file model-v5.pdb (PDB, C-alpha atoms, pLDDT in the B column)
ATOM      1  CA  MET A 403       0.000   0.000   0.000  1.00 70.00           C
ATOM      2  CA  GLY A 404       1.506   3.316  -1.127  1.00 84.00           C
ATOM      3  CA  PRO A 405       1.615   6.508   0.897  1.00 87.00           C
ATOM      4  CA  ILE A 406      -1.393   8.036  -0.864  1.00 81.00           C
ATOM      5  CA  ARG A 407      -3.544   4.995  -0.125  1.00 86.00           C
ATOM      6  CA  GLN A 408      -2.354   5.051   3.497  1.00 89.00           C
ATOM      7  CA  LEU A 409      -3.312   8.723   3.771  1.00 88.00           C
ATOM      8  CA  GLN A 410      -6.668   7.983   2.165  1.00 87.00           C
ATOM      9  CA  ALA A 411      -7.326   5.138   4.617  1.00 89.00           C
ATOM     10  CA  PHE A 412      -6.304   7.353   7.552  1.00 91.00           C
ATOM     11  CA  VAL A 413      -8.576  10.219   6.467  1.00 90.00           C
ATOM     12  CA  CYS A 414     -11.521   7.906   5.784  1.00 89.00           C
ATOM     13  CA  ALA A 415     -11.103   6.227   9.188  1.00 90.00           C
ATOM     14  CA  GLN A 416     -11.851   9.490  11.002  1.00 90.00           C
ATOM     15  CA  THR A 417     -15.340   9.442  12.476  1.00 88.00           C
ATOM     16  CA  PHE A 418     -16.185  13.130  12.119  1.00 91.00           C
ATOM     17  CA  TRP A 419     -16.587  13.027   8.317  1.00 90.00           C
ATOM     18  CA  PRO A 420     -20.142  12.852   6.955  1.00 92.00           C
ATOM     19  CA  GLN A 421     -20.848   9.780   4.851  1.00 92.00           C
ATOM     20  CA  PHE A 422     -20.975  11.703   1.566  1.00 92.00           C
ATOM     21  CA  MET A 423     -17.443  13.038   2.203  1.00 90.00           C
ATOM     22  CA  ILE A 424     -16.109   9.526   2.818  1.00 91.00           C
ATOM     23  CA  ARG A 425     -17.695   8.363  -0.448  1.00 91.00           C
ATOM     24  CA  TRP A 426     -16.056  11.332  -2.218  1.00 88.00           C
ATOM     25  CA  PHE A 427     -12.661  10.535  -0.664  1.00 90.00           C
ATOM     26  CA  GLN A 428     -12.968   6.950  -1.911  1.00 89.00           C
ATOM     27  CA  ALA A 429     -14.326   7.867  -5.350  1.00 87.00           C
ATOM     28  CA  GLU A 430     -12.586   6.876  -8.563  1.00 81.00           C
ATOM     29  CA  LYS A 431     -12.066  10.584  -9.389  1.00 77.00           C
ATOM     30  CA  GLY A 432     -11.811  11.864  -5.811  1.00 82.00           C
ATOM     31  CA  PRO A 433      -9.184  14.049  -4.143  1.00 85.00           C
ATOM     32  CA  PHE A 434      -6.737  11.165  -3.696  1.00 85.00           C
ATOM     33  CA  THR A 435      -6.326  10.679  -7.444  1.00 80.00           C
ATOM     34  CA  ILE A 436      -4.609  12.523 -10.283  1.00 75.00           C
ATOM     35  CA  PHE A 437      -8.039  13.093 -11.815  1.00 73.00           C
ATOM     36  CA  PHE A 438      -8.696  15.702  -9.119  1.00 76.00           C
ATOM     37  CA  TYR A 439      -5.410  17.624  -9.143  1.00 78.00           C
ATOM     38  CA  CYS A 440      -4.704  17.722 -12.876  1.00 78.00           C
ATOM     39  CA  PRO A 441      -7.712  19.970 -13.674  1.00 81.00           C
ATOM     40  CA  LEU A 442      -6.870  22.056 -10.623  1.00 81.00           C
ATOM     41  CA  ALA A 443      -3.397  22.788 -12.014  1.00 83.00           C
ATOM     42  CA  LYS A 444      -4.771  23.457 -15.496  1.00 85.00           C
ATOM     43  CA  TRP A 445      -7.233  26.002 -14.084  1.00 91.00           C
ATOM     44  CA  GLY A 446      -4.200  27.797 -12.648  1.00 91.00           C
ATOM     45  CA  ILE A 447      -2.810  28.262 -16.171  1.00 90.00           C
ATOM     46  CA  SER A 448      -6.165  29.551 -17.437  1.00 92.00           C
ATOM     47  CA  ILE A 449      -6.593  31.958 -14.533  1.00 94.00           C
ATOM     48  CA  ALA A 450      -3.051  33.289 -15.031  1.00 93.00           C
ATOM     49  CA  ASN A 451      -3.819  33.831 -18.713  1.00 93.00           C
ATOM     50  CA  ILE A 452      -7.056  35.668 -17.890  1.00 94.00           C
ATOM     51  CA  ASN A 453      -5.131  37.831 -15.424  1.00 95.00           C
ATOM     52  CA  ASP A 454      -2.618  38.603 -18.182  1.00 92.00           C
ATOM     53  CA  MET A 455      -5.503  39.652 -20.461  1.00 92.00           C
ATOM     54  CA  ILE A 456      -6.564  42.209 -17.900  1.00 92.00           C
ATOM     55  CA  LYS A 457      -3.188  43.516 -16.756  1.00 93.00           C
ATOM     56  CA  LYS A 458      -0.593  42.944 -19.493  1.00 90.00           C
ATOM     57  CA  PRO A 459      -0.217  45.227 -22.476  1.00 93.00           C
ATOM     58  CA  VAL A 460      -0.560  43.574 -25.873  1.00 92.00           C
ATOM     59  CA  ASP A 461       3.080  44.100 -26.836  1.00 90.00           C
ATOM     60  CA  THR A 462       4.262  41.819 -23.993  1.00 92.00           C
ATOM     61  CA  ILE A 463       2.210  38.827 -25.170  1.00 91.00           C
ATOM     62  CA  ASN A 464       4.457  36.015 -26.367  1.00 92.00           C
ATOM     63  CA  PRO A 465       2.824  34.467 -29.464  1.00 94.00           C
ATOM     64  CA  VAL A 466       4.850  31.252 -29.181  1.00 94.00           C
ATOM     65  CA  GLN A 467       3.748  30.734 -25.577  1.00 94.00           C
ATOM     66  CA  GLN A 468       0.115  31.450 -26.428  1.00 94.00           C
ATOM     67  CA  SER A 469       0.298  29.117 -29.429  1.00 95.00           C
ATOM     68  CA  VAL A 470       1.570  26.350 -27.174  1.00 96.00           C
ATOM     69  CA  ILE A 471      -1.174  27.038 -24.602  1.00 95.00           C
ATOM     70  CA  THR A 472      -3.782  26.916 -27.369  1.00 96.00           C
ATOM     71  CA  LEU A 473      -2.378  23.749 -28.933  1.00 96.00           C
ATOM     72  CA  THR A 474      -1.948  21.822 -25.685  1.00 94.00           C
ATOM     73  CA  GLY A 475      -5.392  22.887 -24.465  1.00 94.00           C
ATOM     74  CA  THR A 476      -6.974  21.679 -27.695  1.00 95.00           C
ATOM     75  CA  LEU A 477      -5.072  18.397 -27.940  1.00 95.00           C
ATOM     76  CA  ILE A 478      -5.443  17.429 -24.292  1.00 91.00           C
ATOM     77  CA  ALA A 479      -9.158  18.340 -24.299  1.00 91.00           C
ATOM     78  CA  ARG A 480      -9.626  15.927 -27.185  1.00 91.00           C
ATOM     79  CA  TRP A 481      -7.520  13.266 -25.492  1.00 90.00           C
ATOM     80  CA  CYS A 482      -9.488  13.595 -22.229  1.00 85.00           C
ATOM     81  CA  TRP A 483     -12.726  13.158 -24.158  1.00 85.00           C
ATOM     82  CA  VAL A 484     -11.485   9.751 -25.358  1.00 87.00           C
ATOM     83  CA  LEU A 485     -10.182   8.571 -21.949  1.00 79.00           C
ATOM     84  CA  SER A 486     -12.084   6.115 -19.853  1.00 78.00           C
ATOM     85  CA  PRO A 487     -13.403   7.142 -17.371  1.00 74.00           C
ATOM     86  CA  ARG A 488     -14.254  10.304 -19.274  1.00 79.00           C
ATOM     87  CA  GLN A 489     -12.819  13.403 -17.612  1.00 78.00           C
ATOM     88  CA  TYR A 490     -15.383  16.165 -18.137  1.00 84.00           C
ATOM     89  CA  MET A 491     -13.698  18.630 -15.784  1.00 83.00           C
ATOM     90  CA  LEU A 492     -10.370  18.157 -17.544  1.00 85.00           C
ATOM     91  CA  VAL A 493     -12.083  18.634 -20.934  1.00 90.00           C
ATOM     92  CA  VAL A 494     -13.651  21.886 -19.741  1.00 91.00           C
ATOM     93  CA  CYS A 495     -10.514  23.342 -18.176  1.00 91.00           C
ATOM     94  CA  ASN A 496      -8.375  22.460 -21.218  1.00 93.00           C
ATOM     95  CA  SER A 497     -10.997  23.983 -23.506  1.00 94.00           C
ATOM     96  CA  VAL A 498     -10.933  27.173 -21.440  1.00 95.00           C
ATOM     97  CA  MET A 499      -7.137  27.111 -21.576  1.00 95.00           C
ATOM     98  CA  ALA A 500      -7.267  26.858 -25.381  1.00 96.00           C
ATOM     99  CA  CYS A 501      -9.830  29.671 -25.562  1.00 96.00           C
ATOM    100  CA  THR A 502      -7.699  32.000 -23.434  1.00 95.00           C
ATOM    101  CA  GLY A 503      -4.737  31.291 -25.704  1.00 95.00           C
ATOM    102  CA  ILE A 504      -6.823  32.059 -28.783  1.00 96.00           C
ATOM    103  CA  ILE A 505      -8.055  35.318 -27.240  1.00 95.00           C
ATOM    104  CA  GLN A 506      -4.492  36.356 -26.426  1.00 94.00           C
ATOM    105  CA  LEU A 507      -3.383  35.582 -29.990  1.00 95.00           C
ATOM    106  CA  TRP A 508      -6.379  37.502 -31.327  1.00 95.00           C
ATOM    107  CA  ARG A 509      -5.442  40.510 -29.195  1.00 93.00           C
ATOM    108  CA  LYS A 510      -1.909  40.373 -30.588  1.00 93.00           C
ATOM    109  CA  HIS A 511      -3.277  40.070 -34.147  1.00 93.00           C
ATOM    110  CA  GLN A 512      -5.663  43.016 -33.660  1.00 92.00           C
ATOM    111  CA  ALA A 513      -2.763  45.184 -32.506  1.00 88.00           C
ATOM    112  CA  GLY A 514      -0.846  44.255 -35.672  1.00 85.00           C
ATOM    113  CA  LEU A 515       2.013  42.701 -33.674  1.00 80.00           C
ATOM    114  CA  LEU A 516       1.536  39.029 -34.484  1.00 75.00           C
ATOM    115  CA  PHE A 517       4.714  37.700 -36.097  1.00 65.00           C
TER     116      PHE A 517
END
call {"tool": "encode", "arguments": {"input": "model-v5.pdb", "output": "structure tokens"}}
result
Amino acid sequence: MGPIRQLQAFVCAQTFWPQFMIRWFQAEKGPFTIFFYCPLAKWGISIANINDMIKKPVDTINPVQQSVITLTGTLIARWCWVLSPRQYMLVVCNSVMACTGIIQLWRKHQAGLLF
């Protein structure tokens, strides 16, 4: 039994948790799996990009970086749609990540600074 499973067993053994929380802790896509933390990290990239849209001037946008954000968001969203079990949250957050990249590239294009 690995350390994550030991931590999961320890947390679930506590008596103060309501039953629905214990079921969530033991779920196939619960907080003790990569399926929970991967979308959480991807939302961080999207939120940072949205913050850059608000605060950064257009001339500081890196088109290569935004192209990579757009491409990875698109490809991984498609890949997560094919996975089993299907990862809807990961599809959504990667789609948002791709959209924020497209918006940043569009801003750069509108300013006449793209490539």
call {"tool": "resolve_selection", "arguments": {"input": "model-v5.pdb", "expression": "the PyMOL selection byres ((chain A and resi 465-481) around 8)", "output": "PyMOL selection string"}}
result
chain A and resi 463-464+482-485+492-494+496-504+506-507+510+516-517
call {"tool": "write_last_selection", "arguments": {"input": "model-v5.pdb", "atoms": "C-alpha atoms", "output": "mmCIF file, keeping the file's coordinate frame"}}
result
data_model
loop_
_atom_site.group_PDB
_atom_site.id
_atom_site.type_symbol
_atom_site.label_atom_id
_atom_site.label_comp_id
_atom_site.auth_asym_id
_atom_site.auth_seq_id
_atom_site.Cartn_x
_atom_site.Cartn_y
_atom_site.Cartn_z
ATOM 1 C CA ILE A 463 2.210 38.827 -25.170
ATOM 2 C CA ASN A 464 4.457 36.015 -26.367
ATOM 3 C CA CYS A 482 -9.488 13.595 -22.229
ATOM 4 C CA TRP A 483 -12.726 13.158 -24.158
ATOM 5 C CA VAL A 484 -11.485 9.751 -25.358
ATOM 6 C CA LEU A 485 -10.182 8.571 -21.949
ATOM 7 C CA LEU A 492 -10.370 18.157 -17.544
ATOM 8 C CA VAL A 493 -12.083 18.634 -20.934
ATOM 9 C CA VAL A 494 -13.651 21.886 -19.741
ATOM 10 C CA ASN A 496 -8.375 22.460 -21.218
ATOM 11 C CA SER A 497 -10.997 23.983 -23.506
ATOM 12 C CA VAL A 498 -10.933 27.173 -21.440
ATOM 13 C CA MET A 499 -7.137 27.111 -21.576
ATOM 14 C CA ALA A 500 -7.267 26.858 -25.381
ATOM 15 C CA CYS A 501 -9.830 29.671 -25.562
ATOM 16 C CA THR A 502 -7.699 32.000 -23.434
ATOM 17 C CA GLY A 503 -4.737 31.291 -25.704
ATOM 18 C CA ILE A 504 -6.823 32.059 -28.783
ATOM 19 C CA GLN A 506 -4.492 36.356 -26.426
ATOM 20 C CA LEU A 507 -3.383 35.582 -29.990
ATOM 21 C CA LYS A 510 -1.909 40.373 -30.588
ATOM 22 C CA LEU A 516 1.536 39.029 -34.484
ATOM 23 C CA PHE A 517 4.714 37.700 -36.097
#
call {"tool": "closest_residue", "arguments": {"input": "model-v5.pdb", "among": "A:Cys440, A:Ala411, A:Met491, A:Ala513", "to": "Arg425 in chain A", "atoms": "all atoms listed in the file"}}
result
A:Ala411
call {"tool": "resolve_selection", "arguments": {"input": "model-v5.pdb", "expression": "the PyMOL selection byres ((chain A and resi 428) around 12)", "output": "count of residues only"}}
result
23
call {"tool": "closest_residue", "arguments": {"input": "model-v5.pdb", "among": "A:Ile436, A:Val460, A:Leu515, A:Cys495", "to": "Ser448 in chain A", "atoms": "all atoms listed in the file"}}
result
A:Cys495
call {"tool": "atom_distance", "arguments": {"input": "model-v5.pdb", "atom1": "CA of Leu442 in chain A", "atom2": "CA of Trp419 in chain A"}}
result
23.1 Å
call {"tool": "atom_distance", "arguments": {"input": "model-v5.pdb", "atom1": "CA of Ile456 in chain A", "atom2": "CA of Trp508 in chain A"}}
result
14.2 Å
call {"tool": "axis_aligned_box", "arguments": {"input": "model-v5.pdb", "around": "range 427-437 of chain A", "padding_each_side": "5 Å", "output": "lines of an AutoDock Vina configuration file"}}
result
center_x = -9.5
center_y = 10.5
center_z = -6.2
size_x = 19.7
size_y = 17.2
size_z = 21.2
call {"tool": "atom_distance", "arguments": {"input": "model-v5.pdb", "atom1": "CA of Gln512 in chain A", "atom2": "CA of Pro459 in chain A"}}
result
12.6 Å
